[in-house]
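Just coords38.cif here, mmCIF, C-alpha atoms:
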data_final
#
loop_
_atom_site.label_atom_id
_atom_site.label_comp_id
_atom_site.auth_asym_id
_atom_site.auth_seq_id
_atom_site.Cartn_x
_atom_site.Cartn_y
_atom_site.Cartn_z
CA MET A 1 -10.34 -7.03 1.80
CA LYS A 2 -6.94 -7.21 3.49
CA LYS A 3 -5.74 -4.12 5.32
CA LEU A 4 -1.98 -3.58 5.44
CA LEU A 5 0.38 -1.26 7.30
CA ILE A 6 3.46 -0.42 5.22
CA ILE A 7 6.63 1.03 6.79
CA ASN A 8 9.63 2.52 4.97
CA PRO A 9 12.24 4.21 7.23
CA GLY A 10 14.49 6.90 5.82
CA SER A 11 17.42 8.72 7.40
CA THR A 12 15.31 11.71 8.50
CA SER A 13 11.78 10.35 8.15
CA THR A 14 9.60 7.28 8.50
CA LYS A 15 7.19 6.91 5.61
CA ILE A 16 4.10 4.86 6.37
CA ALA A 17 0.98 3.95 4.42
CA VAL A 18 -2.21 2.00 4.90
CA PHE A 19 -3.39 -0.14 2.00
CA GLU A 20 -6.69 -1.90 1.50
CA ASP A 21 -5.62 -4.75 -0.76
CA ASP A 22 -3.49 -3.02 -3.43
CA LYS A 23 -5.11 0.42 -3.07
CA CYS A 24 -3.47 3.07 -0.89
CA LYS A 25 -5.92 4.49 1.64
CA TRP A 26 -3.49 7.10 2.98
CA THR A 27 0.21 7.76 3.30
CA GLU A 28 2.30 10.04 5.50
CA SER A 29 5.97 10.84 5.96
CA ILE A 30 6.84 11.40 9.63
CA GLY A 31 9.77 13.81 9.78
CA HIS A 32 12.58 13.44 12.32
CA SER A 33 14.64 16.53 13.10
CA THR A 34 18.38 16.50 13.70
CA GLU A 35 17.70 17.42 17.33
CA GLU A 36 15.31 14.48 17.79
CA LEU A 37 17.82 12.00 16.37
CA ALA A 38 20.88 13.43 18.13
CA PRO A 39 20.61 11.24 21.29
CA PHE A 40 20.82 7.99 19.28
CA ASN A 41 24.18 6.42 18.47
CA CYS A 42 22.90 4.35 15.55
CA VAL A 43 19.69 3.91 13.62
CA TYR A 44 18.57 0.82 15.53
CA ASP A 45 18.68 2.79 18.78
CA GLN A 46 15.74 4.76 17.33
CA LEU A 47 13.47 1.69 17.49
CA VAL A 48 11.19 2.72 20.37
CA PHE A 49 11.16 6.38 19.26
CA ARG A 50 10.05 5.53 15.70
CA THR A 51 7.66 2.74 16.77
CA GLU A 52 5.69 5.07 19.02
CA LEU A 53 5.47 7.71 16.29
CA VAL A 54 4.18 5.15 13.78
CA LYS A 55 1.54 3.90 16.20
CA LYS A 56 0.46 7.44 17.09
CA THR A 57 0.17 8.44 13.41
CA VAL A 58 -1.90 5.36 12.57
CA GLU A 59 -4.31 6.16 15.39
CA GLU A 60 -4.52 9.82 14.35
CA HIS A 61 -5.74 8.64 10.95
CA GLY A 62 -8.53 6.69 12.65
CA ASP A 63 -7.08 3.21 12.12
CA SER A 64 -6.49 0.71 14.90
CA MET A 65 -3.54 -1.66 15.00
CA ASP A 66 -5.79 -4.70 15.39
CA SER A 67 -7.45 -3.93 12.02
CA PHE A 68 -4.40 -4.96 10.00
CA ALA A 69 -3.91 -8.36 8.38
CA ALA A 70 -0.12 -7.89 8.34
CA ILE A 71 2.65 -5.32 8.60
CA MET A 72 5.24 -5.03 5.83
CA SER A 73 8.51 -3.12 6.07
CA ARG A 74 11.40 -2.33 3.82
CA GLY A 75 14.25 -4.73 4.63
CA GLY A 76 17.68 -3.71 5.91
CA ASN A 77 21.32 -4.75 5.69
CA LEU A 78 20.94 -8.40 6.60
CA PRO A 79 23.24 -11.25 5.63
CA PRO A 80 22.75 -12.12 1.94
CA VAL A 81 19.12 -13.12 1.31
CA SER A 82 16.99 -14.15 -1.64
CA ALA A 83 14.45 -11.92 -3.34
CA GLY A 84 10.87 -11.94 -2.09
CA ALA A 85 9.26 -12.08 1.34
CA TYR A 86 10.81 -12.94 4.70
CA GLU A 87 8.89 -13.21 7.93
CA VAL A 88 10.34 -10.91 10.58
CA THR A 89 11.58 -12.87 13.59
CA ASP A 90 13.53 -12.08 16.73
CA PHE A 91 16.59 -13.60 15.08
CA MET A 92 16.27 -11.23 12.11
CA THR A 93 15.98 -8.15 14.31
CA ASP A 94 18.93 -9.41 16.38
CA CYS A 95 21.01 -9.51 13.16
CA LEU A 96 19.95 -5.98 12.25
CA GLN A 97 20.62 -4.61 15.73
CA TYR A 98 23.97 -6.23 16.47
CA ARG A 99 25.39 -7.53 13.18
CA ALA A 100 24.07 -5.29 10.42
CA ARG A 101 26.33 -5.40 7.37
CA ASP A 102 26.11 -1.61 7.05
CA GLN A 103 24.37 1.27 8.79
CA HIS A 104 21.21 2.26 6.94
CA ALA A 105 17.82 3.63 8.00
CA SER A 106 16.09 0.52 6.64
CA ASN A 107 17.77 -1.55 9.38
CA VAL A 108 15.20 -0.40 11.95
CA GLY A 109 12.16 -1.12 9.78
CA ALA A 110 11.84 -4.81 10.61
CA GLY A 111 12.11 -4.05 14.33
CA ILE A 112 9.30 -1.48 14.15
CA ALA A 113 7.12 -3.90 12.20
CA LEU A 114 7.74 -6.77 14.63
CA ALA A 115 7.16 -4.63 17.73
CA LEU A 116 3.80 -3.45 16.42
CA ALA A 117 2.80 -6.87 15.08
CA LYS A 118 3.45 -8.54 18.44
CA GLN A 119 1.10 -6.08 20.14
CA VAL A 120 -1.88 -7.35 18.13
CA GLY A 121 -0.86 -10.95 17.32
CA ILE A 122 -0.23 -10.64 13.57
CA LYS A 123 2.84 -11.28 11.41
CA ALA A 124 5.38 -8.82 10.10
CA TYR A 125 7.35 -9.20 6.87
CA ILE A 126 10.06 -7.57 4.79
CA TYR A 127 10.26 -7.73 1.00
CA ASP A 128 13.12 -7.50 -1.51
CA ALA A 129 15.61 -6.23 1.05
CA VAL A 130 18.67 -4.16 0.14
CA ALA A 131 20.66 -7.30 1.04
CA VAL A 132 19.22 -9.47 -1.75
CA ASP A 133 22.14 -11.36 -3.30
CA GLU A 134 21.29 -13.80 -6.09
CA MET A 135 24.29 -12.98 -8.28
CA ASP A 136 25.73 -15.78 -10.36
CA GLU A 137 29.08 -16.84 -8.93
CA ILE A 138 30.98 -15.82 -12.04
CA ASN A 139 29.71 -12.26 -11.66
CA LYS A 140 31.02 -11.93 -8.10
CA ILE A 141 34.66 -12.39 -9.08
CA THR A 142 36.99 -9.37 -9.07
CA GLY A 143 40.68 -8.98 -9.91
CA LEU A 144 41.69 -9.20 -6.26
CA LYS A 145 41.23 -12.47 -4.40
CA GLY A 146 39.10 -12.06 -1.30
CA MET A 147 37.19 -9.06 -2.69
CA ARG A 148 33.93 -9.49 -4.59
CA TRP A 149 31.51 -7.28 -6.47
CA PRO A 150 28.66 -6.16 -4.18
CA ALA A 151 24.99 -6.93 -4.79
CA ARG A 152 23.38 -4.46 -2.41
CA GLY A 153 21.11 -1.82 -3.83
CA HIS A 154 17.67 -0.78 -4.98
CA ASN A 155 16.19 -4.27 -5.22
CA LEU A 156 12.72 -3.32 -4.06
CA ASN A 157 12.04 -0.77 -6.79
CA THR A 158 13.91 -2.53 -9.59
CA ARG A 159 12.30 -5.93 -9.02
CA ALA A 160 8.88 -4.26 -8.73
CA ALA A 161 9.50 -2.62 -12.11
CA ALA A 162 10.56 -5.96 -13.63
CA LEU A 163 7.44 -7.71 -12.28
CA LYS A 164 5.22 -4.85 -13.48
CA TYR A 165 6.74 -5.06 -16.95
CA CYS A 166 6.07 -8.79 -17.08
CA GLU A 167 2.49 -8.32 -15.86
CA ASN A 168 1.81 -5.58 -18.43
CA HIS A 169 3.14 -7.72 -21.28
CA GLY A 170 1.75 -11.10 -20.21
CA LEU A 171 5.22 -12.54 -19.59
CA ASP A 172 6.56 -14.91 -16.96
CA TYR A 173 9.38 -13.32 -14.91
CA ARG A 174 11.11 -16.72 -15.00
CA ASP A 175 11.31 -16.68 -18.81
CA VAL A 176 12.85 -13.28 -19.57
CA ASN A 177 16.10 -11.32 -19.38
CA LEU A 178 15.59 -7.74 -18.22
CA ILE A 179 18.08 -5.00 -17.40
CA VAL A 180 16.57 -2.60 -14.84
CA VAL A 181 18.11 0.79 -14.08
CA HIS A 182 17.20 2.62 -10.85
CA LEU A 183 17.70 6.36 -11.36
CA GLY A 184 17.72 8.06 -7.96
CA GLY A 185 20.14 9.74 -5.55
CA GLY A 186 22.11 6.55 -6.08
CA ILE A 187 22.01 4.70 -9.40
CA SER A 188 22.16 0.91 -9.63
CA ILE A 189 21.68 -1.41 -12.58
CA ASN A 190 20.75 -5.07 -12.38
CA LEU A 191 20.12 -7.99 -14.68
CA HIS A 192 17.04 -10.11 -14.02
CA SER A 193 17.62 -13.39 -15.81
CA LYS A 194 15.14 -16.27 -15.78
CA GLY A 195 13.69 -15.43 -12.38
CA HIS A 196 16.66 -14.13 -10.39
CA ILE A 197 18.95 -11.09 -10.17
CA ALA A 198 21.95 -12.59 -11.92
CA ASP A 199 24.22 -9.55 -11.99
CA PHE A 200 24.35 -6.21 -10.23
CA ILE A 201 26.16 -2.92 -10.73
CA SER A 202 25.81 -1.12 -7.42
CA ASP A 203 25.94 2.63 -6.89
CA CYS A 204 29.48 2.32 -5.51
CA ALA A 205 30.78 0.72 -8.70
CA GLY A 206 28.70 2.10 -11.54
CA PRO A 207 27.62 5.41 -13.09
CA ILE A 208 28.04 8.96 -11.84
CA CYS A 209 25.09 9.63 -9.49
CA PRO A 210 23.41 12.74 -8.09
CA GLU A 211 25.01 12.23 -4.65
CA ARG A 212 27.28 9.19 -4.97
CA ALA A 213 30.58 9.14 -6.79
CA GLY A 214 29.99 5.80 -8.55
CA GLY A 215 32.94 3.84 -9.93
CA LEU A 216 36.29 5.66 -9.63
CA PRO A 217 39.94 5.05 -10.65
CA THR A 218 41.06 2.66 -7.91
CA TYR A 219 44.65 3.84 -7.53
CA ASP A 220 43.56 7.46 -7.15
CA VAL A 221 41.00 6.47 -4.50
CA VAL A 222 43.72 4.67 -2.54
CA LYS A 223 45.95 7.77 -2.71
CA LEU A 224 43.10 9.95 -1.45
CA CYS A 225 42.39 7.55 1.42
CA TYR A 226 46.01 7.80 2.58
CA SER A 227 46.39 11.52 1.94
CA GLY A 228 45.62 12.37 5.57
CA GLU A 229 42.83 14.65 4.41
CA PHE A 230 40.00 12.35 5.54
CA THR A 231 39.14 9.96 8.35
CA TYR A 232 37.38 6.73 7.35
CA ASP A 233 33.93 8.17 8.12
CA GLU A 234 34.73 11.40 6.28
CA MET A 235 35.95 9.49 3.24
CA MET A 236 32.81 7.35 3.13
CA LYS A 237 30.65 10.47 3.36
CA HIS A 238 32.76 12.03 0.60
CA LEU A 239 31.94 9.10 -1.68
CA GLN A 240 28.36 8.34 -0.58
CA ARG A 241 26.77 11.68 0.29
CA LYS A 242 29.02 14.35 -1.25
CA GLY A 243 30.00 12.68 -4.51
CA GLY A 244 28.53 12.81 -7.98
CA MET A 245 26.71 15.99 -8.94
CA ILE A 246 27.05 17.35 -5.40
CA SER A 247 30.84 17.29 -5.74
CA TYR A 248 30.61 19.39 -8.91
CA PHE A 249 27.70 21.71 -8.27
CA GLY A 250 26.80 21.48 -4.57
CA THR A 251 23.37 19.97 -5.23
CA ALA A 252 21.82 16.59 -6.02
CA ASP A 253 18.59 18.18 -7.26
CA MET A 254 18.50 17.17 -10.90
CA ARG A 255 15.73 19.69 -11.62
CA GLU A 256 18.04 22.53 -10.58
CA ILE A 257 20.91 21.04 -12.58
CA GLU A 258 18.70 20.69 -15.67
CA LYS A 259 17.66 24.33 -15.37
CA ARG A 260 21.32 25.37 -15.36
CA TYR A 261 21.89 23.06 -18.35
CA ASN A 262 19.06 24.72 -20.29
CA ASP A 263 20.32 28.17 -19.27
CA GLY A 264 23.57 27.41 -21.09
CA ASP A 265 25.99 26.50 -18.28
CA GLU A 266 28.73 24.70 -20.24
CA GLU A 267 30.25 22.89 -17.23
CA VAL A 268 26.84 21.56 -16.20
CA LYS A 269 26.22 20.46 -19.79
CA LEU A 270 29.51 18.52 -19.91
CA VAL A 271 29.07 16.75 -16.55
CA TYR A 272 25.35 16.05 -17.11
CA GLU A 273 26.07 14.40 -20.47
CA ALA A 274 28.99 12.49 -18.91
CA MET A 275 26.52 11.18 -16.31
CA THR A 276 23.98 9.95 -18.87
CA LEU A 277 26.80 8.43 -20.94
CA SER A 278 28.14 6.62 -17.87
CA ILE A 279 24.69 5.09 -17.31
CA ALA A 280 24.51 3.93 -20.93
CA LYS A 281 28.00 2.39 -20.70
CA ASN A 282 27.09 0.46 -17.55
CA ILE A 283 23.85 -0.83 -19.07
CA ALA A 284 25.86 -2.20 -21.99
CA LYS A 285 28.24 -3.98 -19.58
CA LEU A 286 25.50 -6.44 -18.59
CA PHE A 287 24.68 -7.66 -22.09
CA PRO A 288 27.52 -10.24 -22.28
CA ASP A 289 26.06 -12.05 -19.23
CA VAL A 290 23.24 -13.37 -21.42
CA TYR A 291 25.08 -13.27 -24.76
CA GLY A 292 23.18 -10.14 -25.77
CA LYS A 293 19.75 -11.75 -25.41
CA VAL A 294 18.00 -9.01 -23.43
CA ASP A 295 14.22 -8.75 -23.80
CA CYS A 296 13.95 -5.20 -22.47
CA ILE A 297 15.83 -2.38 -20.72
CA ILE A 298 13.69 -0.73 -18.03
CA LEU A 299 14.39 2.76 -16.67
CA THR A 300 12.80 3.47 -13.30
CA GLY A 301 13.28 5.71 -10.25
CA GLY A 302 12.60 9.38 -9.67
CA ILE A 303 14.92 10.76 -12.39
CA ALA A 304 13.11 8.60 -14.98
CA ASN A 305 10.44 11.33 -14.87
CA SER A 306 12.87 13.64 -16.69
CA GLU A 307 12.30 13.46 -20.44
CA MET A 308 15.66 15.09 -21.20
CA PHE A 309 17.63 12.73 -18.96
CA VAL A 310 15.87 9.63 -20.29
CA GLU A 311 16.25 10.72 -23.91
CA GLN A 312 20.01 11.14 -23.55
CA ILE A 313 20.30 7.55 -22.25
CA VAL A 314 17.86 6.08 -24.76
CA SER A 315 19.60 7.74 -27.70
CA ARG A 316 22.78 5.80 -26.85
CA ILE A 317 21.29 2.35 -26.14
CA SER A 318 18.14 2.07 -28.28
CA TYR A 319 19.94 -0.24 -30.71
CA LEU A 320 20.59 -2.79 -27.97
CA ALA A 321 17.05 -3.83 -26.92
CA PRO A 322 13.50 -2.48 -26.51
CA ILE A 323 13.22 0.15 -23.76
CA GLU A 324 10.41 0.71 -21.25
CA ILE A 325 10.09 3.69 -18.91
CA ILE A 326 8.45 2.98 -15.52
CA PRO A 327 9.16 6.22 -13.64
CA GLY A 328 9.02 6.83 -9.90
CA GLU A 329 10.15 5.05 -6.75
CA ASN A 330 7.17 2.78 -6.18
CA GLU A 331 8.42 1.24 -2.94
CA MET A 332 5.23 1.49 -0.86
CA GLN A 333 3.13 -0.09 -3.61
CA ALA A 334 5.77 -2.80 -4.10
CA LEU A 335 5.76 -3.62 -0.37
CA ALA A 336 1.95 -3.83 -0.30
CA GLU A 337 1.86 -6.10 -3.34
CA GLY A 338 4.52 -8.32 -1.76
CA ALA A 339 2.43 -8.65 1.40
CA LEU A 340 -0.63 -9.58 -0.66
CA ARG A 341 1.29 -12.31 -2.47
CA VAL A 342 2.07 -13.88 0.91
CA LEU A 343 -1.41 -13.44 2.38
CA ASN A 344 -3.10 -14.75 -0.77
CA GLY A 345 -0.89 -17.85 -0.87
CA LYS A 346 0.90 -16.92 -4.09
CA GLU A 347 4.27 -16.75 -2.31
CA LYS A 348 5.59 -18.36 0.86
CA ALA A 349 7.57 -16.12 3.18
CA LYS A 350 11.06 -17.42 3.95
CA ILE A 351 12.70 -17.50 7.40
CA LEU A 352 16.18 -16.17 8.10
CA THR A 353 18.22 -18.77 10.00
CA PRO A 354 21.55 -18.79 11.86
CA GLU A 355 23.01 -20.66 8.88
CA ASP A 356 22.33 -17.57 6.75
CA ASP A 357 24.23 -15.30 9.17
CA VAL A 358 27.71 -15.94 7.82
#
Transcribe the structure of this file into structure tokens.
Amino acid sequence: MKKLLIINPGSTSTKIAVFEDDKCKWTESIGHSTEELAPFNCVYDQLVFRTELVKKTVEEHGDSMDSFAAIMSRGGNLPPVSAGAYEVTDFMTDCLQYRARDQHASNVGAGIALALAKQVGIKAYIYDAVAVDEMDEINKITGLKGMRWPARGHNLNTRAAALKYCENHGLDYRDVNLIVVHLGGGISINLHSKGHIADFISDCAGPICPERAGGLPTYDVVKLCYSGEFTYDEMMKHLQRKGGMISYFGTADMREIEKRYNDGDEEVKLVYEAMTLSIAKNIAKLFPDVYGKVDCIILTGGIANSEMFVEQIVSRISYLAPIEIIPGENEMQALAEGALRVLNGKEKAKILTPEDDV
């Protein structure tokens, strides 16, 4: 039996779990109040604060740090990396501390894992980081030289869903074409083709989301940016945290929005159906990449638990390919399974090098 510590930092919490092989022994979300986080200028400054809380929580559950075979964390905004496992090194944490490509809670995860691993002489890893970029070159090209389509997004959950689908159906991930849709606060859609993520529609370019605006008319966005109404930070928050359903209804809680839909709110009905239609349209956009030869469309993420939401999408795309629903955000399980692949010799962890930091 291999015992694993799994770490998944969020903006106001640090979720941790202990696994014995692929079975979760316990899990806990350590909350961080606004007051506790106020002294820190950026997420990486929270390293010592969060590390001590993780260690304390592990000990309170009766586990000792020297009982773990490895520590696995969600990966952060590194330079572009491949899918799969990376060993956490001082160079990696240096990149996340001083040269992160974007500010995100996941940036501190590798540092926590490495700090704890060093204390007991084991290795720390990350898996399927948000920075995974395996897009085919042709899919990176935009209509403005020097600007490319982004690949950052929900790689951990979507790739886990793709691998689970292949396992359930006795298929080799390297032989299939799968479109995987992550339905969460942000919505991203990616194409897994013959063993790599060949194309990616990120939550800044795709469907209407619960809290992100998704793709918008470019000229109107430029006008809004120069309107004098917003600073850069305010504009980014407007798009990332106050867009989508929040901009219309003041909430990203799809359960509340569905209740209003079922109670007969006509505006909610219109925007909700526009949202599901926008997801269907963006799924269809990826079919030309593989000349329409898609083996399955997979819907995953928290909103995939909603029968009404899923049915509205499925009704518009069922003619395109078979559809599989794998609901939930199974990130902790995915991280544990990634660690086991490394420890059991089924996958070799890669090392981030200075040549990657470009």
Point to revise | Protein and nucleic acid residues near (19.5, -11.9, -13.2) (cut-off 8 Å, all atoms listed in the file) as an MDAnalysis selection string | key: chainID A and resid 134:136 177:178 190:199
Point to revise | Which residue of A:Glu60, A:Glu52, A:Glu229, A:Asp357 approaches A:Glu28 most closely, using all atoms listed in the file | key: A:Glu60
Exercise for review: Tell me, in Å to one decimal, how far atom CA of A:Asp94 is from atom CA of A:Thr27.
Suggested key: 28.6 Å
**Study point:** the PyMOL selection byres ((chain A and resi 283) around 10) resolved against shown file, as JSON, numbers by chain
**Key:** {"A": [179, 180, 181, 188, 189, 190, 191, 201, 206, 207, 277, 278, 279, 280, 281, 282, 284, 285, 286, 287, 297, 313, 317, 320]}
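One distance worth recording is that between atom CA of A:Asp63 and atom CA of A:Gly111, which is 20.6 Å.
Considering the residues A:Ala274, A:Ile303, A:Ile141, A:Leu53 and counting only C-alpha atoms, A:Ser13 has its shortest atom-to-atom contact with A:Leu53.
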Practice item. Report the residues retrieved by the PyMOL selection byres ((chain A and resi 253-263) around 12) from the displayed file, expressed as an NGL selection string. Key: :A and (183-185 or 209-211 or 244-246 or 248-252 or 264-273 or 275 or 302-309)
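Atom CA of A:Tyr86 is found 4.8 Å from atom CA of A:Ala349.
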Exercise for review: Output the residue selection produced by the PyMOL selection byres ((chain A and resi 324) around 8) on the file above, formatted as number ranges by chain.
Suggested key: A: 296-299, 322-323, 325-326
**Study point:** Shell of 7 Å around stretch 6-11 of chain A, only C-alpha atoms, local chain residues under 3 positions omitted, as a PyMOL selection string
**Key:** chain A and resi 14-18+71-74+105-106+109+332+335-336
Review point. Given the choices A:Ala69, A:Leu239, A:Cys225, A:Leu47, which gets closest to A:Lys2 if the distance is worked out from all atoms listed in the file?
Key: A:Ala69
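Each of A:His182, A:Ile112, A:Phe40, A:Lys3 was compared to A:Val54 using all atoms listed in the file, and A:Ile112 turns out to be the nearest.
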As a PDB file with C-alpha atoms, in the frame of the given file, please: the residues near A:Gly121 (cut-off 12 Å, only C-alpha atoms, same-chain neighbours under 6 positions excluded).
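File selection.pdb, as written:
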ATOM      1  CA  MET A  65      -3.540  -1.660  15.000  1.00  0.00           C
ATOM      2  CA  ASP A  66      -5.790  -4.700  15.390  1.00  0.00           C
ATOM      3  CA  SER A  67      -7.450  -3.930  12.020  1.00  0.00           C
ATOM      4  CA  PHE A  68      -4.400  -4.960  10.000  1.00  0.00           C
ATOM      5  CA  ALA A  69      -3.910  -8.360   8.380  1.00  0.00           C
ATOM      6  CA  ALA A  70      -0.120  -7.890   8.340  1.00  0.00           C
ATOM      7  CA  ILE A  71       2.650  -5.320   8.600  1.00  0.00           C
ATOM      8  CA  ALA A 113       7.120  -3.900  12.200  1.00  0.00           C
ATOM      9  CA  LEU A 114       7.740  -6.770  14.630  1.00  0.00           C
ATOM     10  CA  ALA A 115       7.160  -4.630  17.730  1.00  0.00           C
TER      11      ALA A 115
END
